[in-house]
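To be precise, the following lines are input-v4.cif, and they hold mmCIF, C-alpha atoms.
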data_work
#
loop_
_atom_site.label_atom_id
_atom_site.label_comp_id
_atom_site.auth_asym_id
_atom_site.auth_seq_id
_atom_site.Cartn_x
_atom_site.Cartn_y
_atom_site.Cartn_z
CA MET J 1 113.74 99.68 87.35
CA ASN J 2 112.60 103.17 88.30
CA ILE J 3 110.82 102.73 91.62
CA LEU J 4 108.80 105.19 93.66
CA ILE J 5 108.77 104.35 97.37
CA VAL J 6 106.01 106.01 99.38
CA GLY J 7 106.36 106.01 103.15
CA SER J 8 110.11 105.88 102.70
CA THR J 9 111.09 107.15 106.15
CA GLY J 10 109.15 104.48 108.05
CA THR J 11 110.85 101.35 109.34
CA ILE J 12 109.83 99.27 106.32
CA GLY J 13 110.32 102.17 103.92
CA ARG J 14 113.93 102.63 104.98
CA GLU J 15 114.62 98.96 104.33
CA LEU J 16 112.93 99.20 100.94
CA VAL J 17 115.12 102.14 99.96
CA LYS J 18 118.36 100.46 101.12
CA GLN J 19 117.60 97.13 99.47
CA ALA J 20 116.27 98.65 96.26
CA LEU J 21 119.48 100.66 95.87
CA ALA J 22 121.57 97.57 96.66
CA ASN J 23 119.68 95.75 93.90
CA GLY J 24 120.60 98.44 91.38
CA HIS J 25 117.25 100.19 91.03
CA GLU J 26 116.75 103.92 90.51
CA VAL J 27 114.78 105.03 93.56
CA THR J 28 112.60 108.05 94.23
CA ALA J 29 111.76 108.33 97.94
CA LEU J 30 108.69 110.42 98.72
CA ALA J 31 108.28 111.66 102.28
CA ARG J 32 107.18 114.72 104.20
CA VAL J 33 110.74 115.07 105.54
CA PRO J 34 112.89 112.97 103.17
CA ALA J 35 116.14 114.15 104.79
CA LYS J 36 115.30 111.80 107.67
CA LEU J 37 116.45 108.94 105.46
CA GLN J 38 120.08 110.07 105.76
CA ILE J 39 121.03 107.93 102.76
CA ASP J 40 123.34 109.33 100.09
CA ASN J 41 123.34 107.50 96.77
CA GLN J 42 123.56 108.74 93.20
CA ARG J 43 120.59 106.54 92.25
CA LEU J 44 118.42 107.99 95.02
CA THR J 45 116.16 111.00 94.48
CA LEU J 46 114.71 112.52 97.63
CA ALA J 47 111.30 114.06 97.01
CA GLN J 48 109.48 116.17 99.57
CA GLY J 49 105.73 115.69 99.50
CA ASP J 50 102.65 114.38 101.23
CA VAL J 51 100.65 111.39 100.04
CA MET J 52 97.49 113.24 101.04
CA ASP J 53 98.36 115.90 98.43
CA PRO J 54 97.72 114.59 94.88
CA ALA J 55 99.99 117.29 93.46
CA SER J 56 102.95 115.78 95.34
CA LEU J 57 102.35 112.44 93.66
CA ALA J 58 101.79 114.03 90.25
CA ARG J 59 105.30 115.52 90.41
CA VAL J 60 107.12 112.24 91.07
CA MET J 61 105.02 109.61 89.25
CA PRO J 62 106.04 110.23 85.60
CA GLY J 63 108.70 107.78 84.43
CA GLN J 64 108.24 105.28 87.26
CA ASP J 65 108.03 101.55 86.50
CA ALA J 66 106.52 100.54 89.84
CA VAL J 67 105.35 101.90 93.18
CA LEU J 68 106.12 100.38 96.56
CA CYS J 69 103.70 101.67 99.18
CA ALA J 70 104.75 101.38 102.82
CA LEU J 71 102.44 103.97 104.33
CA GLY J 72 102.12 103.95 108.08
CA ALA J 73 100.44 106.03 110.71
CA GLY J 74 101.33 104.16 113.85
CA GLY J 75 98.21 103.04 115.62
CA LYS J 76 96.14 105.72 113.95
CA GLY J 77 93.93 105.42 110.90
CA GLY J 78 92.89 107.78 108.19
CA VAL J 79 96.12 107.87 106.16
CA ARG J 80 96.62 104.49 104.51
CA ALA J 81 93.34 104.19 102.59
CA PRO J 82 93.00 107.79 101.30
CA GLY J 83 96.73 108.03 100.67
CA THR J 84 96.66 104.84 98.63
CA GLN J 85 93.66 106.13 96.70
CA ASN J 86 95.73 109.19 95.74
CA ILE J 87 98.62 106.96 94.70
CA ILE J 88 96.35 104.90 92.47
CA GLY J 89 94.95 108.04 90.89
CA ALA J 90 98.43 109.31 90.03
CA MET J 91 99.47 105.90 88.70
CA ARG J 92 96.47 105.78 86.37
CA LYS J 93 97.18 109.26 85.01
CA CYS J 94 100.81 108.37 84.28
CA GLY J 95 100.24 104.83 83.03
CA VAL J 96 102.17 103.17 85.87
CA ARG J 97 100.76 99.67 86.41
CA ARG J 98 102.71 97.81 89.13
CA LEU J 99 101.82 98.43 92.77
CA VAL J 100 103.15 96.47 95.75
CA CYS J 101 101.50 97.62 98.97
CA LEU J 102 102.18 96.88 102.60
CA SER J 103 99.18 95.77 104.67
CA SER J 104 99.03 93.49 107.73
CA LEU J 105 98.51 89.86 108.55
CA GLY J 106 95.05 89.59 110.03
CA VAL J 107 93.24 91.55 107.35
CA GLY J 108 90.60 89.69 105.37
CA GLU J 109 90.71 85.92 105.37
CA SER J 110 94.11 85.99 107.10
CA ARG J 111 92.41 86.94 110.37
CA THR J 112 92.20 83.24 111.18
CA ASN J 113 96.00 83.07 111.10
CA LEU J 114 96.16 85.23 114.24
CA ASP J 115 96.13 84.10 117.84
CA PHE J 116 93.74 85.40 120.51
CA PHE J 117 96.07 88.21 121.58
CA TRP J 118 96.39 89.69 118.09
CA LYS J 119 92.74 89.20 117.17
CA HIS J 120 91.13 90.59 120.30
CA VAL J 121 93.67 92.68 122.19
CA MET J 122 95.85 94.29 119.52
CA PHE J 123 93.50 94.62 116.55
CA GLY J 124 90.33 94.40 118.60
CA LEU J 125 91.28 97.18 121.03
CA LEU J 126 94.69 98.84 120.85
CA LEU J 127 95.12 99.04 117.08
CA ARG J 128 91.48 99.09 116.02
CA ALA J 129 91.82 102.31 113.99
CA ALA J 130 94.94 101.10 112.19
CA TYR J 131 93.30 97.77 111.42
CA ALA J 132 90.22 99.46 109.94
CA ASP J 133 92.51 101.66 107.83
CA HIS J 134 94.28 98.58 106.45
CA VAL J 135 90.94 96.96 105.63
CA ALA J 136 89.79 100.07 103.76
CA GLN J 137 93.17 100.34 102.02
CA GLU J 138 92.89 96.81 100.67
CA VAL J 139 89.41 97.53 99.32
CA VAL J 140 90.74 100.56 97.45
CA ILE J 141 93.51 98.48 95.90
CA ARG J 142 91.28 95.56 94.94
CA ASP J 143 88.83 97.96 93.28
CA SER J 144 91.59 99.36 91.06
CA ASP J 145 92.56 98.09 87.62
CA LEU J 146 96.27 98.01 88.47
CA ASP J 147 98.70 95.08 88.60
CA TRP J 148 98.74 94.93 92.37
CA THR J 149 100.11 92.73 95.11
CA ILE J 150 99.19 93.28 98.76
CA VAL J 151 101.76 92.03 101.28
CA ARG J 152 100.49 91.04 104.74
CA PRO J 153 103.37 90.73 107.24
CA ALA J 154 103.18 89.49 110.80
CA ALA J 155 104.52 91.62 113.68
CA TYR J 156 107.84 93.30 112.90
CA THR J 157 111.14 92.38 114.49
CA ASP J 158 114.67 93.67 114.02
CA GLY J 159 117.39 91.63 112.41
CA GLU J 160 119.09 90.88 109.12
CA ARG J 161 117.33 89.61 106.02
CA THR J 162 117.16 85.82 106.18
CA GLY J 163 115.07 84.88 103.15
CA ASN J 164 113.83 82.01 105.29
CA TYR J 165 110.14 82.52 106.05
CA ARG J 166 106.68 81.30 105.11
CA HIS J 167 104.63 83.18 102.54
CA GLY J 168 101.42 82.69 100.64
CA PHE J 169 100.14 80.29 103.29
CA PRO J 170 96.41 79.53 103.57
CA ALA J 171 94.08 81.00 106.18
CA THR J 172 94.14 77.60 107.89
CA ALA J 173 97.94 77.66 108.39
CA LYS J 174 99.02 76.86 111.94
CA ASN J 175 102.26 77.12 113.92
CA LEU J 176 103.12 80.56 112.60
CA LYS J 177 105.44 82.53 114.86
CA LEU J 178 103.52 85.70 113.93
CA LYS J 179 106.81 87.58 113.63
CA ILE J 180 108.91 88.71 110.69
CA ALA J 181 112.00 90.92 110.36
CA ARG J 182 111.52 94.24 108.63
CA ALA J 183 114.40 93.38 106.32
CA ASP J 184 112.61 90.22 105.18
CA VAL J 185 109.38 92.13 104.59
CA ALA J 186 111.19 94.64 102.40
CA GLY J 187 113.02 91.89 100.57
CA PHE J 188 109.78 90.07 99.84
CA MET J 189 108.11 93.24 98.58
CA LEU J 190 110.99 93.92 96.22
CA ASP J 191 110.96 90.32 95.01
CA GLN J 192 107.42 90.87 93.74
CA LEU J 193 108.67 93.32 91.13
CA GLY J 194 110.18 90.44 89.18
CA ASP J 195 107.59 87.80 90.00
CA ASP J 196 103.91 87.65 89.02
CA ARG J 197 103.12 84.67 91.25
CA TYR J 198 101.13 86.84 93.65
CA LEU J 199 99.59 89.19 91.10
CA HIS J 200 96.14 90.27 92.32
CA MET J 201 96.73 88.35 95.55
CA ALA J 202 97.47 89.21 99.20
CA PRO J 203 100.08 86.78 100.53
CA GLY J 204 100.87 86.64 104.22
CA ILE J 205 104.48 86.51 105.38
CA SER J 206 105.68 85.19 108.73
CA TYR J 207 108.30 82.97 110.34
#
Let me see whether you can do it: turn the structure in this file into structure tokens.
Amino acid sequence: MNILIVGSTGTIGRELVKQALANGHEVTALARVPAKLQIDNQRLTLAQGDVMDPASLARVMPGQDAVLCALGAGGKGGVRAPGTQNIIGAMRKCGVRRLVCLSSLGVGESRTNLDFFWKHVMFGLLLRAAYADHVAQEVVIRDSDLDWTIVRPAAYTDGERTGNYRHGFPATAKNLKLKIARADVAGFMLDQLGDDRYLHMAPGISY
């Protein structure tokens, strides 16, 4: 497939690029400073641009089969939701239907999957702006007419892809470790491109 990866220089974005190339896809990586990727592959196109600039997206969207969105702004807000809105606008104009977007466990009904620390300390205080941005981002996606899947990972860890994790669990699920390797998150997101099981759904993913 021809895949556009937005947020390609972030920790999840880098994994998406590496794994997508390993899987044989043609990848366009959009980033403000794409050279940060430091990946050289004949099937990789580095595209300089800003998700907050619709013109940047208009240049790279034609010919894509799917978009993987891994936008991040650290603990800040104000990028994920408006950036995703711009992505959706460009997808509509170019007739691109499939969107797989990174969110966070704890958004929406998955809030009950979290423990006290994540509910009240991290998302309640330290990451309040980022959490609100994720909530707004999911609303933007759900209001679209695209073929979307929202992926809600637990806290990131380092490590190799294992393929051994829980996903699509209910809001009542217990005994979650509330951790997941970045490589497994990227692998799961890429798996959605060939699987409609979670179409118009927001599965959580955690060990």
Expand the PyMOL selection byres ((chain J and resi 12) around 12) into the individual residues it matches in the shown file, reporting them as an mmCIF file with C-alpha atoms, in the coordinates of the input.
data_model
loop_
_atom_site.group_PDB
_atom_site.id
_atom_site.type_symbol
_atom_site.label_atom_id
_atom_site.label_comp_id
_atom_site.auth_asym_id
_atom_site.auth_seq_id
_atom_site.Cartn_x
_atom_site.Cartn_y
_atom_site.Cartn_z
ATOM 1 C CA ILE J 5 108.770 104.350 97.370
ATOM 2 C CA VAL J 6 106.010 106.010 99.380
ATOM 3 C CA GLY J 7 106.360 106.010 103.150
ATOM 4 C CA SER J 8 110.110 105.880 102.700
ATOM 5 C CA THR J 9 111.090 107.150 106.150
ATOM 6 C CA GLY J 10 109.150 104.480 108.050
ATOM 7 C CA THR J 11 110.850 101.350 109.340
ATOM 8 C CA GLY J 13 110.320 102.170 103.920
ATOM 9 C CA ARG J 14 113.930 102.630 104.980
ATOM 10 C CA GLU J 15 114.620 98.960 104.330
ATOM 11 C CA LEU J 16 112.930 99.200 100.940
ATOM 12 C CA VAL J 17 115.120 102.140 99.960
ATOM 13 C CA LYS J 18 118.360 100.460 101.120
ATOM 14 C CA GLN J 19 117.600 97.130 99.470
ATOM 15 C CA ALA J 20 116.270 98.650 96.260
ATOM 16 C CA LEU J 37 116.450 108.940 105.460
ATOM 17 C CA LEU J 68 106.120 100.380 96.560
ATOM 18 C CA CYS J 69 103.700 101.670 99.180
ATOM 19 C CA ALA J 70 104.750 101.380 102.820
ATOM 20 C CA LEU J 71 102.440 103.970 104.330
ATOM 21 C CA GLY J 72 102.120 103.950 108.080
ATOM 22 C CA CYS J 101 101.500 97.620 98.970
ATOM 23 C CA LEU J 102 102.180 96.880 102.600
ATOM 24 C CA SER J 103 99.180 95.770 104.670
ATOM 25 C CA VAL J 151 101.760 92.030 101.280
ATOM 26 C CA PRO J 153 103.370 90.730 107.240
ATOM 27 C CA ALA J 155 104.520 91.620 113.680
ATOM 28 C CA TYR J 156 107.840 93.300 112.900
ATOM 29 C CA THR J 157 111.140 92.380 114.490
ATOM 30 C CA ASP J 158 114.670 93.670 114.020
ATOM 31 C CA ILE J 180 108.910 88.710 110.690
ATOM 32 C CA ALA J 181 112.000 90.920 110.360
ATOM 33 C CA ARG J 182 111.520 94.240 108.630
ATOM 34 C CA ALA J 183 114.400 93.380 106.320
ATOM 35 C CA ASP J 184 112.610 90.220 105.180
ATOM 36 C CA VAL J 185 109.380 92.130 104.590
ATOM 37 C CA ALA J 186 111.190 94.640 102.400
ATOM 38 C CA GLY J 187 113.020 91.890 100.570
ATOM 39 C CA PHE J 188 109.780 90.070 99.840
ATOM 40 C CA MET J 189 108.110 93.240 98.580
ATOM 41 C CA LEU J 190 110.990 93.920 96.220
#
So which residues touch Asp133 of chain J within 10 Å, counting all atoms listed in the file, skipping near sequence neighbours fewer than 4 positions away, as a PyMOL selection string? chain J and resi 72-73+75-82+103+127-129+137-139
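Checking J:Leu176, J:Val140, J:Leu193, J:Ala130 one by one against Asp65 of chain J, counting all atoms listed in the file, you find the shortest gap at J:Leu193.
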Could you name the residues that touch Phe117 of chain J at 12 Å or less, counting only C-alpha atoms, but leaving out those on the same chain fewer than 4 positions away, as a PDB file with C-alpha atoms, keeping the file's coordinate frame?
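Below is the file result-v2.pdb, written as the result:
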ATOM      1  CA  GLY J 106      95.050  89.590 110.030  1.00  0.00           C
ATOM      2  CA  ARG J 111      92.410  86.940 110.370  1.00  0.00           C
ATOM      3  CA  ASN J 113      96.000  83.070 111.100  1.00  0.00           C
ATOM      4  CA  VAL J 121      93.670  92.680 122.190  1.00  0.00           C
ATOM      5  CA  MET J 122      95.850  94.290 119.520  1.00  0.00           C
ATOM      6  CA  PHE J 123      93.500  94.620 116.550  1.00  0.00           C
ATOM      7  CA  GLY J 124      90.330  94.400 118.600  1.00  0.00           C
ATOM      8  CA  LEU J 125      91.280  97.180 121.030  1.00  0.00           C
ATOM      9  CA  LEU J 126      94.690  98.840 120.850  1.00  0.00           C
ATOM     10  CA  LEU J 127      95.120  99.040 117.080  1.00  0.00           C
ATOM     11  CA  LEU J 178     103.520  85.700 113.930  1.00  0.00           C
TER      12      LEU J 178
END
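In this structure, atom CA of Gly168 of chain J sits 7.8 Å away from atom CA of Ala202 of chain J.
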Contacts of Asp40 of chain J at 12 Å (only C-alpha atoms; same-chain gap of 5+ positions) as a PDB file with C-alpha atoms, keeping the file's coordinate frame:
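That gives us result.pdb:
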ATOM      1  CA  VAL J  17     115.120 102.140  99.960  1.00  0.00           C
ATOM      2  CA  LYS J  18     118.360 100.460 101.120  1.00  0.00           C
ATOM      3  CA  LEU J  21     119.480 100.660  95.870  1.00  0.00           C
ATOM      4  CA  VAL J  27     114.780 105.030  93.560  1.00  0.00           C
ATOM      5  CA  ALA J  29     111.760 108.330  97.940  1.00  0.00           C
ATOM      6  CA  PRO J  34     112.890 112.970 103.170  1.00  0.00           C
ATOM      7  CA  ALA J  35     116.140 114.150 104.790  1.00  0.00           C
ATOM      8  CA  THR J  45     116.160 111.000  94.480  1.00  0.00           C
ATOM      9  CA  LEU J  46     114.710 112.520  97.630  1.00  0.00           C
TER      10      LEU J  46
END
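The shortest atom-to-atom distance to Gly163 of chain J, with only C-alpha atoms taken into account, belongs to J:Ile205 out of J:Ile205, J:Val67, J:Met1, J:Leu114.
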Considering all atoms listed in the file, can you say which of J:Ile3, J:Leu44, J:Lys36, J:Thr84 comes closest to Gln64 of chain J? J:Ile3
Output check: residues returned by the PyMOL selection byres ((chain J and resi 112) around 12), as an NGL selection string: :J and (105-111 or 113-116 or 118-120 or 169-174 or 176 or 178 or 204)
Atoms kept (C-alpha atoms) for selection, written as a PDB file, in the frame of the given file:
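Saved as part-v5.pdb:
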ATOM      1  CA  LEU J 105      98.510  89.860 108.550  1.00  0.00           C
ATOM      2  CA  GLY J 106      95.050  89.590 110.030  1.00  0.00           C
ATOM      3  CA  VAL J 107      93.240  91.550 107.350  1.00  0.00           C
ATOM      4  CA  GLY J 108      90.600  89.690 105.370  1.00  0.00           C
ATOM      5  CA  GLU J 109      90.710  85.920 105.370  1.00  0.00           C
ATOM      6  CA  SER J 110      94.110  85.990 107.100  1.00  0.00           C
ATOM      7  CA  ARG J 111      92.410  86.940 110.370  1.00  0.00           C
ATOM      8  CA  ASN J 113      96.000  83.070 111.100  1.00  0.00           C
ATOM      9  CA  LEU J 114      96.160  85.230 114.240  1.00  0.00           C
ATOM     10  CA  ASP J 115      96.130  84.100 117.840  1.00  0.00           C
ATOM     11  CA  PHE J 116      93.740  85.400 120.510  1.00  0.00           C
ATOM     12  CA  TRP J 118      96.390  89.690 118.090  1.00  0.00           C
ATOM     13  CA  LYS J 119      92.740  89.200 117.170  1.00  0.00           C
ATOM     14  CA  HIS J 120      91.130  90.590 120.300  1.00  0.00           C
ATOM     15  CA  PHE J 169     100.140  80.290 103.290  1.00  0.00           C
ATOM     16  CA  PRO J 170      96.410  79.530 103.570  1.00  0.00           C
ATOM     17  CA  ALA J 171      94.080  81.000 106.180  1.00  0.00           C
ATOM     18  CA  THR J 172      94.140  77.600 107.890  1.00  0.00           C
ATOM     19  CA  ALA J 173      97.940  77.660 108.390  1.00  0.00           C
ATOM     20  CA  LYS J 174      99.020  76.860 111.940  1.00  0.00           C
ATOM     21  CA  LEU J 176     103.120  80.560 112.600  1.00  0.00           C
ATOM     22  CA  LEU J 178     103.520  85.700 113.930  1.00  0.00           C
ATOM     23  CA  GLY J 204     100.870  86.640 104.220  1.00  0.00           C
TER      24      GLY J 204
END
To test your reading of the syntax: which residues would the PyMOL selection byres ((chain J and resi 96) around 10) return for the file shown? Reply as a ChimeraX atom specification. /J:61-67,88,90-95,97-99,146-147
